[in-house]
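Enquirer: Before anything else, here's the structure in question.
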2 protein chains.
Amino acid sequence: MASTSPIRVAEVLRDEILNGALVPGERLRQEDIAARLGASRQPVRDALRLLEGDGLVTLVANSGAWVSKLSERECDEAYLVRERLEPLLLSQSLPNLNSEQVARLAELVGEIESSGDIETFLRLDREFHLLCYAGAQPGMLSEFVERIWNTTQHYRRAFAKLSDPATSEITHMEHHLILDAITRRDSVQAERALEGHIRRTRVTLAEHKELFS
Amino acid sequence: MASTSPIRVAEVLRDEILNGALVPGERLRQEDIAARLGASRQPVRDALRLLEGDGLVTLVANSGAWVSKLSERECDEAYLVRERLEPLLLSQSLPNLNSEQVARLAELVGEIESSGDIETFLRLDREFHLLCYAGAQPGMLSEFVERIWNTTQHYRRAFAKLSDPATSEITHMEHHLILDAITRRDSVQAERALEGHIRRTRVTLAEHKELFS
DNA sequence: ATTGCGGTAATTGGATACATTGTTTATCCT
DNA sequence: AGGATAAACAATGTATCCAATTACCGCAAT
């Protein structure tokens, strides 16, 4: 079954939002997108509604569409929610993670540590965290978590750009601790390590108000 | 600023889904809705996308739209997420709840206890819980919570229909305990009482697999 | 120089017609 | 009678056009 135009258009726009080609606050004109992606305006409108549902686009009736921005408060809230939901998702995933997945997680921890540029770090970091959750059944919980990852992507990129080496070192240690608990199948410890990692990131992020100008 | 057709159509459909006029699994034909609500098909499609974003409608490309169903597992997951998120939301709300709101909560606890029919109970119960959160800033967290309340509405109705008096008595006591902690502005206790209430509901719900036939 | 108002242009909203896809029904063959 | 295939039908997807709304620009008044 081929996917319909709105879904394809939404995927292109979502990728562009996540990779930084489209930035928060940027205007999205239906006609521009339609011309660029070779569709008519109707499917583009449909696609924008899909992305609105994902929190990535803000539609204003009779005015237009914009890539969504997050205020500092909203970003802090996103991290508070992550602290609550991701350990739960990890606990659901852990019993079902197979040995290949755990081996890949170990590789990722190493690769993240030696990653040289921001984009590689972001990609690997995302892969690590989402792979931790891969053993869980798809559903509302994983949708919420993915939604938060997507809506905070821009701010994680900006944050990574100004992180100092000491903070990066802490991040790497935290990843090791999460991995260790996963490897030992210690769900309680894995949840605690993950919650602490997210909380420490939130607190560190709160020291950089200039990200939200 | 008058709201546009898709938003109005979505509101009507959302109300019908929440009040039980439309039930999970029911087919939603674009032409039927368009004729019934006096719009053309385009705004109806838009509205269905909006409701899809809310989790209330399931769209299948080239096939159609249905009121979403929840499996037993999904419903359990929704309650697990509630256990994590609603105490957080309550903690954000509590400092800002004013005395009128707290007085209304006290009224509601009484009204819920003396409610005679299922629909009144559902309405008041919902009002109680959402009013507990009214002091929090709108954002992702409150959107997630509202989304869960809406997607589980049908199952809460079905559950309320077969609840025995002993379970109802426990529910009323739990409401009292939540109210007491709120009245005293004891955030830690309020969160605990709420988490326990939700968890006990989840566990009780899990004993009724027939709800998910 | 600033503010307010009116008109116009740009863009979005919605209706309608045609295209496409999936399901159902009818027909043919074994 | 049962299965396979083709045609018809129903519903969704998309293109196009007209309607409606908002934002912007220019001009006049203070």
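Note on naming: chains are A, B, ... as they come in the structure tokens, residues start from 1 per chain, ligands start from 1 in the order shown.
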Could you pull out the residues in region 14-158 of chain A that DSSP calls strand (DSSP E) from the backbone, as a list in words?
Expert: Arg27, Leu28, Val57, Thr58, Leu59, Val60, Gly64, Ala65, Trp66 and Val67 of chain A
Enquirer: Keeping only all heavy atoms, write those residues as a short mmCIF file (atom, residue, chain, number, x, y, z; two decimals), in the first residue's frame.
Expert:
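again34.cif, written as the output of this step:
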data_model
loop_
_atom_site.label_atom_id
_atom_site.label_comp_id
_atom_site.auth_asym_id
_atom_site.auth_seq_id
_atom_site.Cartn_x
_atom_site.Cartn_y
_atom_site.Cartn_z
N ARG A 27 8.18 30.37 8.99
CA ARG A 27 6.87 30.34 8.34
C ARG A 27 6.82 29.21 7.32
O ARG A 27 7.79 29.01 6.57
CB ARG A 27 6.65 31.69 7.65
CG ARG A 27 5.35 31.83 6.92
CD ARG A 27 4.18 32.02 7.90
NE ARG A 27 2.91 31.82 7.28
CZ ARG A 27 2.24 32.76 6.62
NH1 ARG A 27 2.74 33.96 6.46
NH2 ARG A 27 1.08 32.49 6.10
N LEU A 28 5.71 28.51 7.28
CA LEU A 28 5.52 27.44 6.29
C LEU A 28 4.34 27.82 5.40
O LEU A 28 3.19 27.73 5.83
CB LEU A 28 5.25 26.11 7.00
CG LEU A 28 6.32 25.63 8.00
CD1 LEU A 28 5.81 24.45 8.81
CD2 LEU A 28 7.59 25.25 7.26
N VAL A 57 4.33 21.66 14.37
CA VAL A 57 3.89 22.81 13.60
C VAL A 57 2.74 23.48 14.35
O VAL A 57 1.91 22.79 14.96
CB VAL A 57 3.43 22.36 12.19
CG1 VAL A 57 2.62 23.44 11.51
CG2 VAL A 57 4.64 22.00 11.34
N THR A 58 2.72 24.80 14.31
CA THR A 58 1.64 25.56 14.92
C THR A 58 0.82 26.20 13.81
O THR A 58 1.33 26.99 13.03
CB THR A 58 2.21 26.64 15.85
OG1 THR A 58 2.99 26.03 16.87
CG2 THR A 58 1.08 27.45 16.50
N LEU A 59 -0.47 25.80 13.72
CA LEU A 59 -1.38 26.38 12.73
C LEU A 59 -2.21 27.46 13.38
O LEU A 59 -2.74 27.26 14.47
CB LEU A 59 -2.34 25.32 12.20
CG LEU A 59 -1.81 24.16 11.37
CD1 LEU A 59 -2.99 23.41 10.75
CD2 LEU A 59 -0.90 24.64 10.27
N VAL A 60 -2.31 28.62 12.72
CA VAL A 60 -3.20 29.69 13.19
C VAL A 60 -4.26 29.90 12.12
O VAL A 60 -3.94 30.21 10.97
CB VAL A 60 -2.42 30.98 13.47
CG1 VAL A 60 -3.37 32.08 13.94
CG2 VAL A 60 -1.32 30.73 14.50
N GLY A 64 -1.86 31.14 8.96
CA GLY A 64 -0.75 30.37 8.42
C GLY A 64 -0.20 29.32 9.37
O GLY A 64 -0.79 29.02 10.40
N ALA A 65 0.94 28.79 9.00
CA ALA A 65 1.59 27.73 9.75
C ALA A 65 3.04 28.10 10.03
O ALA A 65 3.70 28.70 9.20
CB ALA A 65 1.54 26.44 8.93
N TRP A 66 3.48 27.73 11.22
CA TRP A 66 4.86 28.00 11.63
C TRP A 66 5.47 26.77 12.28
O TRP A 66 4.74 26.01 12.95
CB TRP A 66 4.91 29.15 12.64
CG TRP A 66 4.66 30.49 12.04
CD1 TRP A 66 5.61 31.38 11.63
CD2 TRP A 66 3.39 31.09 11.78
NE1 TRP A 66 5.00 32.50 11.14
CE2 TRP A 66 3.65 32.37 11.20
CE3 TRP A 66 2.06 30.71 11.95
CZ2 TRP A 66 2.63 33.24 10.81
CZ3 TRP A 66 1.04 31.56 11.55
CH2 TRP A 66 1.33 32.82 11.00
N VAL A 67 6.79 26.61 12.13
CA VAL A 67 7.45 25.58 12.91
C VAL A 67 7.32 25.98 14.38
O VAL A 67 7.57 27.12 14.75
CB VAL A 67 8.94 25.45 12.52
CG1 VAL A 67 9.61 24.39 13.37
CG2 VAL A 67 9.07 25.12 11.03
#
Enquirer: Can you pull out every residue within 10 Å of DC29 (chain C), counting only C-alpha atoms (C1' of nucleotides), but drop anything in the same chain fewer than 5 positions away, and send it as a PyMOL selection string?
Expert: chain D and resi 3-5
Enquirer: Can you spit out the residues from that selection as a PDB file, in the first residue's frame, using N, CA, C and O atoms (P, O5', C5', C4', C3', O3' and C1' of nucleotides)?
Expert:
ATOM      1  P    DG D   3     -13.741 -22.821  -2.852  1.00  0.00           P
ATOM      2  O5'  DG D   3     -12.782 -22.245  -3.980  1.00  0.00           O
ATOM      3  C5'  DG D   3     -12.218 -23.126  -4.948  1.00  0.00           C
ATOM      4  C4'  DG D   3     -11.778 -22.341  -6.165  1.00  0.00           C
ATOM      5  C3'  DG D   3     -11.120 -21.004  -5.834  1.00  0.00           C
ATOM      6  O3'  DG D   3      -9.977 -20.854  -6.651  1.00  0.00           O
ATOM      7  C1'  DG D   3     -12.911 -20.642  -7.310  1.00  0.00           C
ATOM      8  P    DA D   4      -8.902 -19.696  -6.381  1.00  0.00           P
ATOM      9  O5'  DA D   4      -8.879 -18.930  -7.776  1.00  0.00           O
ATOM     10  C5'  DA D   4      -8.910 -19.680  -8.981  1.00  0.00           C
ATOM     11  C4'  DA D   4      -9.228 -18.761 -10.137  1.00  0.00           C
ATOM     12  C3'  DA D   4      -8.579 -17.382 -10.037  1.00  0.00           C
ATOM     13  O3'  DA D   4      -8.066 -17.034 -11.318  1.00  0.00           O
ATOM     14  C1'  DA D   4     -10.927 -17.127 -10.224  1.00  0.00           C
ATOM     15  P    DT D   5      -7.117 -15.772 -11.509  1.00  0.00           P
ATOM     16  O5'  DT D   5      -8.003 -14.801 -12.395  1.00  0.00           O
ATOM     17  C5'  DT D   5      -8.757 -15.330 -13.484  1.00  0.00           C
ATOM     18  C4'  DT D   5      -9.774 -14.313 -13.933  1.00  0.00           C
ATOM     19  C3'  DT D   5      -9.259 -12.868 -13.925  1.00  0.00           C
ATOM     20  O3'  DT D   5      -9.562 -12.284 -15.176  1.00  0.00           O
ATOM     21  C1'  DT D   5     -11.322 -13.013 -12.773  1.00  0.00           C
TER      22       DT D   5
END
Enquirer: What gap, in Å, lies between CA of Asn62 (chain A) and CA of Ala35 (chain B)?
Expert: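 One can read the CA of Asn62 (chain A) to CA of Ala35 (chain B) distance as 23.9 Å.
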Enquirer: Considering only C-alpha atoms (C1' of nucleotides), extract the chain B residues located within 9 Å of chain D and return them as a PyMOL selection string.
Expert: chain B and resi 29-31+61-64
Enquirer: Would you kindly return, as a tab-separated table (two decimals) with all heavy atoms, in the first residue's frame, each protein, DNA or RNA residue with an atom no farther than 12 Å from any atom of Ala21 (chain A), considering only C-alpha atoms (C1' of nucleotides) and excluding same-chain residues fewer than 5 positions away?
Expert:
chain	number	residue	atom	x	y	z
A	12	VAL	N	8.65	14.54	4.89
A	12	VAL	CA	9.71	15.43	4.42
A	12	VAL	C	9.85	16.62	5.36
A	12	VAL	O	10.96	16.97	5.79
A	12	VAL	CB	9.43	15.92	2.98
A	12	VAL	CG1	10.39	17.02	2.59
A	12	VAL	CG2	9.51	14.76	1.99
A	13	LEU	N	8.73	17.22	5.69
A	13	LEU	CA	8.79	18.39	6.58
A	13	LEU	C	9.30	18.00	7.97
A	13	LEU	O	10.09	18.74	8.57
A	13	LEU	CB	7.40	19.05	6.68
A	13	LEU	CG	6.89	19.71	5.40
A	13	LEU	CD1	5.48	20.26	5.61
A	13	LEU	CD2	7.81	20.83	4.95
A	14	ARG	N	8.85	16.87	8.48
A	14	ARG	CA	9.31	16.42	9.80
A	14	ARG	C	10.83	16.25	9.80
A	14	ARG	O	11.52	16.71	10.71
A	14	ARG	CB	8.64	15.12	10.20
A	14	ARG	CG	8.99	14.68	11.63
A	14	ARG	CD	8.38	13.35	11.99
A	14	ARG	NE	6.94	13.43	12.07
A	14	ARG	CZ	6.12	12.85	11.20
A	14	ARG	NH1	6.57	12.12	10.21
A	14	ARG	NH2	4.82	13.02	11.32
A	15	ASP	N	11.35	15.60	8.73
A	15	ASP	CA	12.80	15.43	8.63
A	15	ASP	C	13.52	16.77	8.61
A	15	ASP	O	14.56	16.94	9.25
A	15	ASP	CB	13.15	14.64	7.37
A	15	ASP	CG	12.89	13.16	7.53
A	15	ASP	OD1	12.63	12.73	8.68
A	15	ASP	OD2	12.94	12.45	6.51
A	16	GLU	N	12.97	17.71	7.86
A	16	GLU	CA	13.61	19.03	7.76
A	16	GLU	C	13.58	19.76	9.09
A	16	GLU	O	14.52	20.47	9.44
A	16	GLU	CB	12.94	19.86	6.67
A	16	GLU	CG	13.25	19.31	5.27
A	16	GLU	CD	12.66	20.14	4.14
A	16	GLU	OE1	11.87	21.06	4.44
A	16	GLU	OE2	12.97	19.86	2.98
A	26	GLU	N	9.92	29.52	12.01
A	26	GLU	CA	9.92	29.70	10.56
A	26	GLU	C	8.52	29.52	9.97
A	26	GLU	O	7.77	28.62	10.37
A	26	GLU	CB	10.90	28.71	9.93
A	26	GLU	CG	11.14	28.95	8.44
A	26	GLU	CD	12.43	28.31	7.94
A	26	GLU	OE1	13.25	27.86	8.77
A	26	GLU	OE2	12.62	28.27	6.72
A	67	VAL	N	6.79	26.61	12.13
A	67	VAL	CA	7.45	25.58	12.91
A	67	VAL	C	7.32	25.98	14.38
A	67	VAL	O	7.57	27.12	14.75
A	67	VAL	CB	8.94	25.45	12.52
A	67	VAL	CG1	9.61	24.39	13.37
A	67	VAL	CG2	9.07	25.12	11.03
A	154	HIS	N	15.42	20.67	18.37
A	154	HIS	CA	16.14	21.91	18.08
A	154	HIS	C	16.90	22.40	19.31
A	154	HIS	O	18.04	22.86	19.24
A	154	HIS	CB	15.15	22.98	17.62
A	154	HIS	CG	15.75	24.32	17.49
A	154	HIS	ND1	16.51	24.71	16.40
A	154	HIS	CD2	15.72	25.39	18.31
A	154	HIS	CE1	16.92	25.93	16.55
A	154	HIS	NE2	16.45	26.39	17.71
Enquirer: Show me, as a list in words, every residue of chain C with an atom at most 7 Å from chain B, counting only C-alpha atoms (C1' of nucleotides).
Expert: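 Taken together, these residues fit the definition: DG14, DA15, DT21 and DG22 of chain C.
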Enquirer: Show me, as JSON, numbers by chain, the residues of chain A whose atoms get within 8 Å of chain B, using only C-alpha atoms for the distance check.
Expert: {"A": [3, 4, 46, 49, 50, 52, 53, 54, 61, 74, 77, 78, 81, 84, 85, 139, 140, 141, 144]}
Enquirer: Identify all residues of region 36-200 of chain B in helix (DSSP H, G or I) (DSSP on the backbone) and supply them as number ranges by chain.
Expert: B: 36-37, 41-53, 72-96, 99-114, 118-132, 140-151, 153-161, 165-183, 187-200
Enquirer: With only C-alpha atoms as the atoms that count, which of B:Glu143, B:Asn96, B:Arg157, B:Leu108 lies nearest to Ser187 (chain B)?
Expert: B:Asn96
